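Quick look at target12.csv (CSV, C-alpha atoms):
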chain,number,residue,atom,x,y,z
U,1,MET,CA,0.0,0.0,0.0
U,2,GLY,CA,2.6,2.5,1.0
U,3,ASN,CA,2.1,6.0,2.3
U,4,PRO,CA,0.1,8.7,0.5
U,5,MET,CA,1.9,10.6,-2.2
U,6,LYS,CA,2.3,14.3,-2.2
U,7,ILE,CA,1.0,15.6,-5.4
U,8,ARG,CA,0.6,19.2,-6.7
U,9,ALA,CA,-0.9,20.2,-10.0
U,10,ALA,CA,-1.0,23.8,-11.0
U,11,ASN,CA,-2.4,25.3,-14.2
U,12,LYS,CA,-0.7,28.4,-15.7
U,13,ASP,CA,-1.4,29.8,-19.1
U,14,GLY,CA,-3.0,26.6,-20.3
U,15,VAL,CA,-0.2,24.3,-19.2
U,16,THR,CA,-0.5,22.1,-16.1
U,17,GLU,CA,2.5,21.4,-14.1
U,18,VAL,CA,2.4,18.2,-12.0
U,19,LYS,CA,4.9,17.6,-9.2
U,20,ALA,CA,4.7,14.3,-7.3
U,21,LEU,CA,6.7,13.0,-4.3
U,22,ILE,CA,6.1,9.3,-3.8
U,23,SER,CA,6.8,7.5,-0.6
U,24,HIS,CA,8.7,4.3,-1.5
U,25,GLU,CA,11.9,2.8,-0.3
U,26,MET,CA,13.2,1.9,-3.8
U,27,GLU,CA,15.5,-0.8,-2.6
U,28,THR,CA,17.9,-1.8,-5.3
U,29,GLY,CA,18.6,-5.4,-4.4
U,30,GLN,CA,22.3,-4.7,-4.3
U,31,ARG,CA,22.7,-3.6,-0.7
U,32,LYS,CA,23.5,-6.0,2.1
U,33,ASP,CA,22.2,-5.7,5.6
U,34,ALA,CA,24.4,-6.0,8.8
U,35,ASN,CA,24.4,-9.8,8.5
U,36,GLY,CA,25.6,-9.8,5.0
U,37,ALA,CA,22.3,-10.9,3.5
U,38,VAL,CA,21.2,-9.2,0.4
U,39,VAL,CA,18.3,-6.8,0.9
U,40,PRO,CA,15.8,-7.9,-1.7
U,41,ALA,CA,14.9,-5.5,-4.4
U,42,HIS,CA,11.7,-3.5,-3.9
U,43,PHE,CA,11.1,-0.7,-6.3
U,44,ILE,CA,8.4,1.0,-8.3
U,45,THR,CA,8.4,-0.3,-11.9
U,46,GLU,CA,5.5,1.6,-13.4
U,47,LEU,CA,3.9,4.9,-12.8
U,48,THR,CA,1.1,6.5,-14.7
U,49,VAL,CA,-0.4,10.0,-14.5
U,50,LYS,CA,-3.9,10.6,-15.8
U,51,HIS,CA,-5.7,13.9,-16.3
U,52,ASN,CA,-9.4,13.1,-15.9
U,53,ASP,CA,-9.4,9.8,-17.8
U,54,LYS,CA,-6.7,10.7,-20.3
U,55,LEU,CA,-3.2,9.4,-19.9
U,56,VAL,CA,-0.6,12.2,-19.7
U,57,LEU,CA,2.5,10.3,-18.6
U,58,ALA,CA,3.5,6.7,-18.5
U,59,SER,CA,6.8,5.9,-16.9
U,60,GLU,CA,8.9,2.9,-16.2
U,61,PHE,CA,11.4,3.1,-13.4
U,62,GLY,CA,14.5,1.1,-12.7
U,63,THR,CA,16.3,0.7,-9.4
U,64,ALA,CA,18.3,3.8,-10.0
U,65,ILE,CA,15.5,6.1,-9.1
U,66,SER,CA,16.0,7.6,-5.7
U,67,LYS,CA,14.3,6.6,-2.5
U,68,ASN,CA,11.0,8.5,-2.3
U,69,PRO,CA,10.9,9.3,-6.0
U,70,TYR,CA,10.3,12.8,-7.2
U,71,LEU,CA,8.7,13.5,-10.5
U,72,ALA,CA,7.8,16.8,-12.3
U,73,PHE,CA,6.4,17.3,-15.8
U,74,LYS,CA,4.0,19.5,-17.7
U,75,PHE,CA,1.1,18.8,-20.0
U,76,LYS,CA,-1.1,21.1,-22.1
U,77,GLY,CA,-4.6,21.6,-21.0
U,78,GLY,CA,-6.2,21.0,-17.7
U,79,ALA,CA,-8.5,23.4,-15.8
U,80,LYS,CA,-8.8,24.3,-12.2
U,81,GLY,CA,-10.7,21.6,-10.4
U,82,ASP,CA,-9.8,18.8,-12.9
U,83,LYS,CA,-8.5,15.6,-11.4
U,84,VAL,CA,-4.9,14.4,-11.8
U,85,VAL,CA,-4.5,10.8,-10.8
U,86,VAL,CA,-1.1,9.2,-10.1
U,87,SER,CA,-0.8,5.5,-9.8
U,88,TRP,CA,2.2,3.3,-9.3
U,89,LYS,CA,3.0,-0.4,-9.2
U,90,ASP,CA,6.1,-2.0,-7.7
U,91,ASN,CA,8.0,-5.2,-8.4
U,92,LYS,CA,6.1,-7.0,-5.5
U,93,GLY,CA,2.8,-6.2,-7.1
U,94,ASP,CA,1.9,-3.5,-4.6
U,95,THR,CA,0.0,-0.6,-6.0
U,96,ARG,CA,-1.2,2.8,-4.9
U,97,THR,CA,-3.3,5.5,-6.4
U,98,ASP,CA,-3.7,9.1,-5.3
U,99,GLU,CA,-5.4,12.0,-6.8
U,100,VAL,CA,-5.4,15.8,-6.6
U,101,ALA,CA,-7.4,18.6,-8.0
U,102,ILE,CA,-5.6,21.1,-10.3
U,103,GLY,CA,-5.2,24.3,-8.4
V,1,MET,CA,25.2,-16.4,-0.9
V,2,ASN,CA,28.5,-15.2,-2.2
V,3,ASN,CA,29.1,-18.4,-4.1
V,4,GLN,CA,25.8,-18.1,-5.7
V,5,ARG,CA,26.6,-14.6,-6.7
V,6,ARG,CA,29.8,-15.7,-8.4
V,7,THR,CA,27.8,-18.3,-10.3
V,8,VAL,CA,25.3,-15.7,-11.4
V,9,LEU,CA,28.0,-13.4,-12.5
V,10,LYS,CA,29.8,-16.1,-14.5
V,11,ALA,CA,26.6,-17.0,-16.2
V,12,GLY,CA,26.9,-13.7,-18.1
V,13,SER,CA,24.2,-11.4,-19.2
V,14,GLY,CA,20.9,-11.4,-20.9
V,15,ALA,CA,18.7,-14.4,-21.1
V,16,ALA,CA,21.4,-16.6,-19.5
V,17,LEU,CA,21.5,-14.4,-16.5
V,18,LEU,CA,17.8,-14.2,-16.2
V,19,SER,CA,17.3,-17.9,-16.3
V,20,THR,CA,20.0,-18.4,-13.8
V,21,LEU,CA,18.4,-15.9,-11.5
V,22,ALA,CA,15.1,-17.6,-11.9
V,23,ALA,CA,16.6,-20.9,-11.2
V,24,ALA,CA,18.4,-19.6,-8.1
V,25,GLY,CA,15.0,-18.4,-6.9
V,26,LEU,CA,16.2,-14.8,-6.8
V,27,ILE,CA,13.4,-13.6,-8.9
V,28,THR,CA,9.9,-14.9,-9.0
V,29,PRO,CA,7.7,-15.2,-12.0
V,30,GLY,CA,5.5,-12.4,-10.6
V,31,MET,CA,8.3,-10.0,-11.1
V,32,ALA,CA,8.2,-10.4,-14.9
V,33,LEU,CA,5.7,-7.7,-15.6
V,34,ALA,CA,4.2,-7.5,-19.0
V,35,ASP,CA,4.4,-3.8,-19.5
V,36,TRP,CA,7.8,-3.2,-17.9
V,37,ASN,CA,10.7,-3.4,-20.3
V,38,LYS,CA,12.7,-5.9,-18.3
V,39,ALA,CA,15.3,-6.5,-20.9
V,40,ALA,CA,16.1,-2.8,-21.0
V,41,PHE,CA,16.2,-2.3,-17.2
V,42,ASP,CA,18.3,-5.5,-16.8
V,43,ALA,CA,20.8,-4.5,-19.5
V,44,LYS,CA,24.2,-3.7,-18.0
V,45,SER,CA,26.0,-1.6,-20.7
V,46,MET,CA,24.8,1.4,-22.6
V,47,ALA,CA,24.9,-0.5,-25.9
V,48,ASP,CA,22.7,-3.3,-24.5
V,49,THR,CA,20.3,-0.9,-23.0
V,50,LEU,CA,20.0,1.1,-26.2
V,51,LYS,CA,19.4,-2.1,-28.1
V,52,ALA,CA,16.7,-3.2,-25.7
V,53,LEU,CA,15.0,0.1,-26.1
V,54,GLY,CA,15.1,-0.3,-29.9
V,55,ALA,CA,17.3,2.9,-30.1
V,56,GLY,CA,20.3,1.4,-31.9
V,57,SER,CA,22.9,4.2,-32.1
V,58,PRO,CA,21.1,7.5,-31.5
V,59,ALA,CA,22.5,10.7,-32.9
V,60,ASP,CA,23.9,13.4,-30.7
V,61,SER,CA,21.6,16.4,-30.6
V,62,LYS,CA,22.1,19.9,-29.3
V,63,ASP,CA,18.4,20.2,-29.0
V,64,VAL,CA,18.3,17.7,-26.1
V,65,GLN,CA,19.3,19.0,-22.6
V,66,VAL,CA,20.3,17.1,-19.6
V,67,THR,CA,20.0,19.2,-16.4
V,68,GLY,CA,21.6,18.3,-13.2
V,69,PRO,CA,24.4,19.4,-10.8
V,70,ASP,CA,28.0,19.4,-12.0
V,71,ILE,CA,28.9,17.8,-8.7
V,72,ALA,CA,26.6,15.7,-6.6
V,73,GLU,CA,27.6,15.4,-3.0
V,74,ASN,CA,25.1,12.7,-2.3
V,75,GLY,CA,25.0,10.0,-5.0
V,76,ALA,CA,21.7,8.7,-3.5
V,77,VAL,CA,19.7,11.7,-4.5
V,78,VAL,CA,20.8,13.4,-7.7
V,79,PRO,CA,18.3,15.7,-9.4
V,80,VAL,CA,18.3,15.1,-13.1
V,81,GLY,CA,16.0,16.5,-15.8
V,82,VAL,CA,15.6,16.0,-19.5
V,83,GLY,CA,14.3,18.6,-21.8
V,84,THR,CA,14.1,19.0,-25.5
V,85,THR,CA,12.8,21.3,-28.1
V,86,LEU,CA,12.5,18.6,-30.7
V,87,PRO,CA,9.0,18.0,-32.1
V,88,ASN,CA,6.7,15.0,-31.6
V,89,VAL,CA,8.6,13.5,-28.7
V,90,SER,CA,7.0,10.2,-27.7
V,91,MET,CA,9.7,8.8,-25.4
V,92,VAL,CA,12.3,10.1,-23.0
V,93,ALA,CA,14.7,8.1,-21.0
V,94,ILE,CA,17.5,8.7,-18.5
V,95,LEU,CA,20.6,6.5,-18.6
V,96,ILE,CA,23.5,6.5,-16.3
V,97,GLU,CA,26.5,4.9,-17.9
V,98,LYS,CA,28.4,3.6,-14.9
V,99,ASN,CA,25.4,2.4,-12.8
V,100,PRO,CA,25.0,-1.4,-12.5
V,101,ASN,CA,22.0,-1.1,-14.8
V,102,ALA,CA,22.3,1.8,-17.1
V,103,LEU,CA,18.6,2.6,-17.5
V,104,ALA,CA,17.2,4.7,-14.7
V,105,ALA,CA,13.8,5.6,-16.1
V,106,ALA,CA,11.8,5.7,-19.3
V,107,PHE,CA,8.9,8.0,-19.9
V,108,THR,CA,6.2,7.6,-22.5
V,109,LEU,CA,4.8,10.9,-23.4
V,110,PRO,CA,1.3,11.0,-25.1
V,111,GLU,CA,0.5,14.0,-27.3
V,112,GLY,CA,0.1,17.2,-25.3
V,113,THR,CA,2.7,16.3,-22.6
V,114,GLU,CA,5.8,18.5,-22.8
V,115,ALA,CA,9.1,16.8,-23.3
V,116,ASN,CA,10.5,18.0,-20.1
V,117,VAL,CA,10.7,15.7,-17.1
V,118,GLN,CA,12.5,16.0,-13.8
V,119,THR,CA,13.2,13.3,-11.3
V,120,ARG,CA,15.9,12.2,-8.9
V,121,VAL,CA,18.3,9.3,-9.4
V,122,LYS,CA,20.9,7.3,-7.6
V,123,MET,CA,24.4,7.2,-8.9
V,124,GLY,CA,27.1,4.8,-7.7
V,125,GLN,CA,30.0,6.9,-8.9
V,126,THR,CA,30.9,9.8,-11.2
V,127,SER,CA,29.4,9.0,-14.6
V,128,ASN,CA,28.0,10.4,-17.8
V,129,VAL,CA,24.3,10.8,-17.7
V,130,TYR,CA,22.5,10.4,-21.0
V,131,ALA,CA,19.2,11.7,-22.0
V,132,LEU,CA,17.6,9.7,-24.8
V,133,VAL,CA,14.7,11.2,-26.7
V,134,LYS,CA,12.6,9.7,-29.4
V,135,SER,CA,11.3,12.4,-31.8
V,136,ASP,CA,9.4,11.7,-35.0
V,137,GLY,CA,10.5,8.1,-34.6
V,138,LYS,CA,14.2,8.9,-34.5
V,139,PHE,CA,16.4,8.7,-31.4
V,140,PHE,CA,18.6,11.5,-30.2
V,141,VAL,CA,20.9,11.7,-27.2
V,142,ALA,CA,22.7,14.2,-25.1
V,143,THR,CA,25.2,13.7,-22.3
V,144,LYS,CA,26.3,15.4,-19.1
V,145,GLU,CA,28.9,14.3,-16.7
V,146,ILE,CA,27.9,14.4,-13.1
V,147,LYS,CA,30.7,14.0,-10.5
V,148,VAL,CA,29.8,12.2,-7.3
V,149,THR,CA,31.8,13.0,-4.3
V,150,LEU,CA,31.5,10.4,-1.6
V,151,GLY,CA,33.4,12.3,1.1
V,152,GLY,CA,30.6,14.8,1.4
V,153,CYS,CA,33.0,17.7,1.7
V,154,GLY,CA,32.0,19.0,-1.7
V,155,GLY,CA,35.6,18.6,-3.0
What would the structure in this file look like if it were written as structure tokens?
Amino acid sequence: MGNPMKIRAANKDGVTEVKALISHEMETGQRKDANGAVVPAHFITELTVKHNDKLVLASEFGTAISKNPYLAFKFKGGAKGDKVVVSWKDNKGDTRTDEVAIG
Amino acid sequence: MNNQRRTVLKAGSGAALLSTLAAAGLITPGMALADWNKAAFDAKSMADTLKALGAGSPADSKDVQVTGPDIAENGAVVPVGVGTTLPNVSMVAILIEKNPNALAAAFTLPEGTEANVQTRVKMGQTSNVYALVKSDGKFFVATKEIKVTLGGCGG
């Protein structure tokens, strides 16, 4: 499940800027714990952003994305009050979806 | 564990490595997601990654920008952005040459989404960071070297 994401979406001059901070440990699978056992990989593989029901960004992540991933991008269109929905899925099949209204 | 790791390393890359990993029980079938480009994310070298992405040998372009610090004091959190003025961009990817797996992230941009994406990546060491952009069906690339200082003194 994970913790809630922090998402901001702001429309300016017809372009909506989305900034998202996702809470995820993004474990690479290359670290070892104090006992020398490999910490299993646990990371987000796919993340999509939708504006209302239209896909505006589809991303695939590798293990090189930082812990608690940050993402910022812009798309044309969007009006105040429209919904922006961010969903992710990780390599263990965990998913989470959060949404925010464009401000 | 270490013995197993040696075996895995010896088994080489690509399919051989995958099957070895699967046999060793390190990855479960559930991890093989249909949409996620596993081959590209598992590729070790730049050339293999580009091949897996179907990019072949992309042309250098001045219209593609990689943004990021010249020196990153903390390799665990390096802000990196990719931007381009090229038209009809359908895909943007961030590759870090000296990371264990070069591909950090790939973004598919539907029409209407600007070719300008920022995120944060991990870097094991000083490396060239590549921004790969697909514009009008052709691949273009730009590079920036980001130095990673481990001492944390900013040297």
Set out as a tab-separated table a contact list for chain V and chain U with a cut-off of 7 Å, giving each residue of chain V that qualifies its closest atom pair and distance in Å to one decimal, counting all atoms listed in the file, ordered by chain and rising residue number.
residue	atom	partner	partner_atom	distance
V:Met31	CA	U:Asn91	CA	5.5
V:Trp36	CA	U:Glu60	CA	6.4
V:Phe41	CA	U:Gly62	CA	5.9
V:Ala76	CA	U:Ser66	CA	6.2
V:Val77	CA	U:Ser66	CA	5.7
V:Leu103	CA	U:Gly62	CA	6.5
V:Ala104	CA	U:Ala64	CA	4.9
V:Ala105	CA	U:Phe61	CA	4.4
V:Ala106	CA	U:Glu60	CA	5.1
V:Phe107	CA	U:Ser59	CA	4.2
V:Thr108	CA	U:Ala58	CA	4.9
V:Leu109	CA	U:Leu57	CA	5.4
V:Pro110	CA	U:Val56	CA	5.8
V:Gly112	CA	U:Lys76	CA	5.2
V:Thr113	CA	U:Phe75	CA	3.9
V:Glu114	CA	U:Phe75	CA	5.5
V:Asn116	CA	U:Phe73	CA	6.0
V:Val117	CA	U:Phe73	CA	4.8
V:Gln118	CA	U:Ala72	CA	5.0
V:Thr119	CA	U:Leu71	CA	4.6
V:Arg120	CA	U:Ser66	CA	5.6
V:Val121	CA	U:Ile65	CA	4.3
V:Lys122	CA	U:Ala64	CA	5.0
* To do: May I have the residues within 8 Å of Lys144 in chain V as a list in words, using only C-alpha atoms and disregarding those fewer than 4 positions away in the same chain?
  =>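 Selected residues are Val66, Thr67, Asn128, Val129 and Tyr130 of chain V.
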Can you pull out the residues contacting range 95-99 of chain U? Cut-off 9 Å, using all atoms listed in the file, and skip same-chain residues under 2 positions away; I want them as an mmCIF file with C-alpha atoms, in the coordinates of the input.
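Output saved as part-v8.cif:
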data_model
loop_
_atom_site.group_PDB
_atom_site.id
_atom_site.type_symbol
_atom_site.label_atom_id
_atom_site.label_comp_id
_atom_site.auth_asym_id
_atom_site.auth_seq_id
_atom_site.Cartn_x
_atom_site.Cartn_y
_atom_site.Cartn_z
ATOM 1 C CA MET U 1 0.000 0.000 0.000
ATOM 2 C CA GLY U 2 2.600 2.500 1.000
ATOM 3 C CA ASN U 3 2.100 6.000 2.300
ATOM 4 C CA PRO U 4 0.100 8.700 0.500
ATOM 5 C CA MET U 5 1.900 10.600 -2.200
ATOM 6 C CA LYS U 6 2.300 14.300 -2.200
ATOM 7 C CA ILE U 7 1.000 15.600 -5.400
ATOM 8 C CA ILE U 44 8.400 1.000 -8.300
ATOM 9 C CA LYS U 83 -8.500 15.600 -11.400
ATOM 10 C CA VAL U 84 -4.900 14.400 -11.800
ATOM 11 C CA VAL U 85 -4.500 10.800 -10.800
ATOM 12 C CA VAL U 86 -1.100 9.200 -10.100
ATOM 13 C CA SER U 87 -0.800 5.500 -9.800
ATOM 14 C CA TRP U 88 2.200 3.300 -9.300
ATOM 15 C CA LYS U 89 3.000 -0.400 -9.200
ATOM 16 C CA ASP U 90 6.100 -2.000 -7.700
ATOM 17 C CA LYS U 92 6.100 -7.000 -5.500
ATOM 18 C CA GLY U 93 2.800 -6.200 -7.100
ATOM 19 C CA ALA U 101 -7.400 18.600 -8.000
#
* **Atomic distance CA of Leu86 in chain V - CA of Ala79 in chain U, expressed in Å with one decimal** => 26.2 Å
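Between CA of Ala102 in chain V and CA of Asp42 in chain V the separation is 8.3 Å.
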* Extract, using only C-alpha atoms, all DNA, RNA and protein residues at most 10 Å from Ala131 in chain V, discarding same-chain residues fewer than 4 positions from it, and format them as a PyMOL selection string. => chain V and resi 64-67+80-84+92-96+106+140-144
* For Asn88 in chain V, work out the shell of residues within 8 Å, counting all atoms listed in the file and skipping chain neighbours fewer than 6 positions away, then give it as number ranges by chain. => V: 111, 135-136
* Asked: CA of Gly103 in chain U to CA of His24 in chain U: how many Å, to one decimal?
  ->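 A separation of 25.3 Å between them.
You can rank V:Gly137, V:Leu132, V:Thr149, V:Met91 by their closest distance to Pro58 in chain V using all atoms listed in the file, and at the top of that list sits V:Leu132.
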* Identify which of the residues V:Thr126, V:Phe139, V:Glu145, V:Pro79 lies closest to Lys51 in chain V, counting all atoms listed in the file when measuring atom-to-atom distances. =>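 Under the stated criterion, the closest residue is V:Phe139.
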* Structure fact -> Min atom-atom distance to Gly68 in chain V from the set V:Lys98, V:Lys147, V:Lys138, V:Lys38, counting all atoms listed in the file, belongs to V:Lys147
